[in-house]
Amino acid sequence: MKGQIENIEALLDKLRNLIRHHDHLYYINDSPEISDSEYDGIMNQLRKIESDNPQLISLDSPTQRVGGKPSKQFPTITHRIPLLSLGNVFGQEELHDWDNRILKKLSENRYNYFCELKYDGLAVSLIYEDGVFVKGATRGDGLRGEDVTNNLRTIKSIPLKLIGTDYPPILEVRGEVLFPIDQFDLLNIKRKSQGLDPYASPRNTAAGSLRLLDASIVAERPLDIYIYGVGWSDQEVPQYQNQLLNWLNSLGFKVNNNNRLVQNVQEIEEYFQEWSAKYDTLNYACDGVVVKVNEIDLRETIGVIGREPKWAVAYKFPSENTTTQLINIGVNVGRTGVLTPYADLDPVRISGVKISSATLHNLDYIIDKDIRIGDLVEITRAGDVIPKVIRSIPEARTGTEVIFAMPERCPDCDSIIKKVTDQSAYRCRNNECPSQTYQLINHFVSRSAMNIDGLGENLVRQLLDAKLIGNVADLYDLTLEDLVSMDRMQEKTGTKILRSINNSKEQPFEKVLFGMGIHHIGIETSRLICAHFKNIDNLIRASSDDLIGVQHVGPQIAASLERWFMNSNNAEMIAKLRISGLNFAPPPEPETASYLANINIVITGTLFNFSRAEAKLKIELLGAKLQTRVTRDTDYLIAGENPGNKLEEARRLSITILDEDEFSNLIIDHH
């Protein structure tokens with residue numbers, strides 16, 4: 001019996017490896033060796049053997065790409081290393097400014113740039129343990145993403161098991177999930193034949209597909225992926241972007257063949273101009289090129305600002321423009337009371353997206369551009385995202401066009417509108433304006449703030465109209481009876497929303513402060529303020545000088561905070577949220593020893609008694625700092641098996657070198 005099982009296991013391994021081989025040729029190299037019918041025959045044979053021997057089914061088997069039962073919800077995954085967003089540059093001047101900033105940081109170092117196409121898809125993180133794909137998540141807010149492992153497993157260009165053995169025990173890679181344009185068009189043709197509305201864009205459809213609860217439906221959509229980097233690894237990986245991607249490709253990951261190593265900004269511009277002229281020949285959405293410093297170990301020197309790396313930038317293609325009729329100009333009242341004009345347009349498509357409205361920024365913008373109701377106007381999608389009216393076409397006027405004027409009273413609460421001193425903004429000063437309340441609650445429940453799933457704009461409007469809520473604090477008083485009284489609300493859905501509301505109480509202090517919607521307070525500013533003042537009481541007591549002492553906080557932000565905390569309605573709301581159990585202080589920091597305070601340590605090679613993550617944790621708990629490269633400031637180099645070039649650099653700089661046993665003794669000696 002044992003021998004029979006071993007024979008079956010050997011056959012299963014052979015079939016699985018054969019399918020992985022052909023998957024790699026088909027989905028990664030685009031060079032299939034066998035016909036579809038031959039491939040199906042091998043897959044059917046594998047399915048039959050696994051069906052007869054279910055105890056031998058493995059997580060990395062090609063048959064396990066389609067998930068089983070639909071998930072009830074997506075849990076959250078915390079990214080060990082933040083999944084950063086890229087800053088943008090538009091035009092040669094901005095690119096040269098970015099290049100000059102890099103030059104100032106790396107004046108004593110030789111470096112190159114690496115150019116990649118910028119995909120318009122959904123960023124994801126993939127985690128492999130011992131070469132097997134075990135977990136995947138969306139970018140989310142950069143710190144935490146949604147666990148969409150089952151859906152990612154359906155994407156055939158994501159290897160469930162890595163090729164060969166040259167990979168770390170734990171490896172996290174980052175990539176972009178895309179919906180091929182030709183397949184997207186076929187999907188819309190099918191939807192139209194079924195009497196359904198077509199999807200708006202490949203990017204949104206890819207993102208929506210990954211958030212479907214039933215992985216078997218996702219499997220019917222031919223999503224694809226390109227891998228562009230490593231998030232973290234418990235062993236050293238290649239320290240040059242071009243070499244890193246070649247290594248990842250050798251493990252079975254799909255890497256774009258259009259990437260290019262360049263030496264200077266002129267070669268960046270040549271790459272940009274080449275793809276600016278032919279990006280529409282690609283079978284996926286592409287809105288620019290990404291430029292990175294190729295030398296990975298230099299990136300820490302260059303640094304990060306907020307959630308954007310300084311060592312990389314997105315050089316965006318010129319936006320596509322078109323013309324249409326401006327039917328009317330309306331105004332939206334934002335959560336801070338500012339009135340923002342918008343254009344109602346005769347619907348038109350740009351880059352496959354149907355556009356029926358566009359921003360007009362403010363009254364000064366409308367006057368400067370001489371934009372009138374009834375004009376033929378030129379519109380664009382700024383950064384291929386936000387539709388914007390960029391000019392009117394006066395020569396097309398018929399004489400019936402109307403000059404726009406800001407309303408004198410709020411369109412929602414009828415309060416008098418006042419112009420903000422020294423600004424182009426107009427504001428409704430009524431803090432109880434229904435539009436402000438509506439927008440504030442939508443902001444508060446959003447994924448980037450309190451992340452209350454299920455509380456969409458329509459439900460928020462219903463709850464306000466029914467007087468069940470009047471501000472964000474009232475959300476925590478909602479009952480199941482309240483929710484099921486809303487239009488088309490089932491008890492199951494209401495229970496899920498209440499659970500999400502309760503879970504939001506675990507959101508950190510910085511998210512709560514950001515969720516308050518205070519004028520000028522973005523998520524990064526909120527994080528800096530919370531880290532500085534530690535709790536809400538310290539923040540409330542802070543003077544203007546105290547506030548300006550915080551990084552990136554100037555007089556305007558300080559004044560906005562002071563005004564907000566002086567408002568009695570806001571004070572009452574904070575009191576109610578405290579009672580509901582929200583976090584107005586960060587969690588207590590774990591006690592750490594400081595025996596190695598201000599000591600800089602670098603690790604190279606493989607450690608046998610510690611994973612790289614465990615070694616990093618022990619180093620930081622002792623107050624030391626783990627560096628990524630050897631410099632004159634380095635105090636110790638920990639050299640494991642098969643050390644890299646860092647060992648020679650440490651010797652050249654006369655840095656103290658420790659083997660793994662000496663590193664263990666160092667830790668023990670300081671406890």
# chains A, B, ... in the order shown; residues from 1 in each chain; ligands from 1

$ closest_atom_pairs --of "stretch 204-305 of chain A" --to "stretch 138-141 of chain A" --cutoff "10 Å" --atoms "only C-alpha atoms" --output "Markdown table"
| residue | atom | partner | partner_atom | distance |
| --- | --- | --- | --- | --- |
| A:Ala207 | CA | A:Thr138 | CA | 9.1 |
| A:Leu210 | CA | A:Thr138 | CA | 8.6 |
| A:Arg211 | CA | A:Thr138 | CA | 9.3 |

$ select_by_dssp --residues "stretch 221-420 of chain A" --states "strand (DSSP E)" --output "ChimeraX atom specification"
/A:224-233,260-262,286-293,304-305,308-309,312-316,321-333,339-350,353-359,372-373,376-382,386-392,402-403,417-419

$ closest_residue --among "A:Thr437, A:Thr634, A:Thr336, A:Thr322" --to "A:Val348" --atoms "only C-alpha atoms"
A:Thr322

$ closest_residue --among "A:Gly142, A:Ile19, A:Ile268, A:Glu50" --to "A:His96" --atoms "only C-alpha atoms"
A:Ile268

$ residues_around --residues "A:Pro586" --least-positions-apart "4" --cutoff "9 Å" --atoms "only C-alpha atoms" --output "list in words"
Pro508, Phe509, Glu510, Cys530, Ala531, Lys534 and Asn535 of chain A

$ residues_around --residues "A:Arg20" --least-positions-apart "3" --cutoff "8 Å" --atoms "only C-alpha atoms" --output "VMD selection string"
chain A and resid 16 to 17 23 to 24 62 159

$ select_by_dssp --residues "stretch 429-473 of chain A" --states "alpha helix (DSSP H)" --output "number ranges by chain"
A: 434-445, 457-465

$ residues_around --residues "stretch 553-561 of chain A" --least-positions-apart "5" --cutoff "12 Å" --atoms "only C-alpha atoms" --output "count of residues only"
31

$ residues_around --residues "A:Arg307" --least-positions-apart "4" --cutoff "9 Å" --atoms "only C-alpha atoms" --output "JSON, numbers by chain"
{"A": [82, 83, 84, 85, 86, 87, 142, 524]}

$ write_last_selection --atoms "N, CA and C atoms" --output "tab-separated table (two decimals), in the first residue's frame"
chain	number	residue	atom	x	y	z
A	82	PRO	N	5.62	48.97	4.13
A	82	PRO	CA	4.54	49.69	3.47
A	82	PRO	C	4.61	49.59	1.95
A	83	LEU	N	3.45	49.44	1.32
A	83	LEU	CA	3.35	49.38	-0.13
A	83	LEU	C	3.14	50.81	-0.61
A	84	LEU	N	4.21	51.48	-0.99
A	84	LEU	CA	4.20	52.91	-1.25
A	84	LEU	C	3.52	53.25	-2.57
A	85	SER	N	3.06	54.50	-2.68
A	85	SER	CA	2.52	55.03	-3.92
A	85	SER	C	3.58	55.91	-4.57
A	86	LEU	N	3.49	56.11	-5.87
A	86	LEU	CA	4.47	56.91	-6.59
A	86	LEU	C	4.01	58.35	-6.76
A	87	GLY	N	4.96	59.28	-6.62
A	87	GLY	CA	4.70	60.66	-7.00
A	87	GLY	C	4.75	60.78	-8.52
A	142	GLY	N	-1.79	51.25	1.88
A	142	GLY	CA	-0.35	51.22	1.88
A	142	GLY	C	0.22	50.51	3.09
A	524	GLU	N	-1.34	61.85	6.10
A	524	GLU	CA	0.05	61.95	6.54
A	524	GLU	C	0.19	62.98	7.65

$ closest_residue --among "A:Leu339, A:Leu248, A:Ile225, A:Leu596" --to "A:Ala624" --atoms "only C-alpha atoms"
A:Leu596

$ closest_residue --among "A:Gln194, A:Phe90, A:Ala314, A:Leu251" --to "A:Phe114" --atoms "only C-alpha atoms"
A:Ala314

$ closest_residue --among "A:Lys316, A:Asp487, A:Ser500, A:Phe74" --to "A:Arg461" --atoms "only C-alpha atoms"
A:Asp487

$ closest_residue --among "A:Leu18, A:Cys413, A:Ala466, A:Ala358" --to "A:Ile390" --atoms "only C-alpha atoms"
A:Ala358

$ atom_distance --atom1 "atom CA of A:Ile217" --atom2 "atom CA of A:Ile127"
22.9 Å

$ atom_distance --atom1 "atom CA of A:Ser157" --atom2 "atom CA of A:Leu223"
8.5 Å

$ atom_distance --atom1 "atom CA of A:Ser125" --atom2 "atom CA of A:Tyr284"
19.7 Å

$ residues_around --residues "A:Ile302" --least-positions-apart "6" --cutoff "9 Å" --atoms "only C-alpha atoms" --output "ChimeraX atom specification"
/A:101-102,105-106,309-311
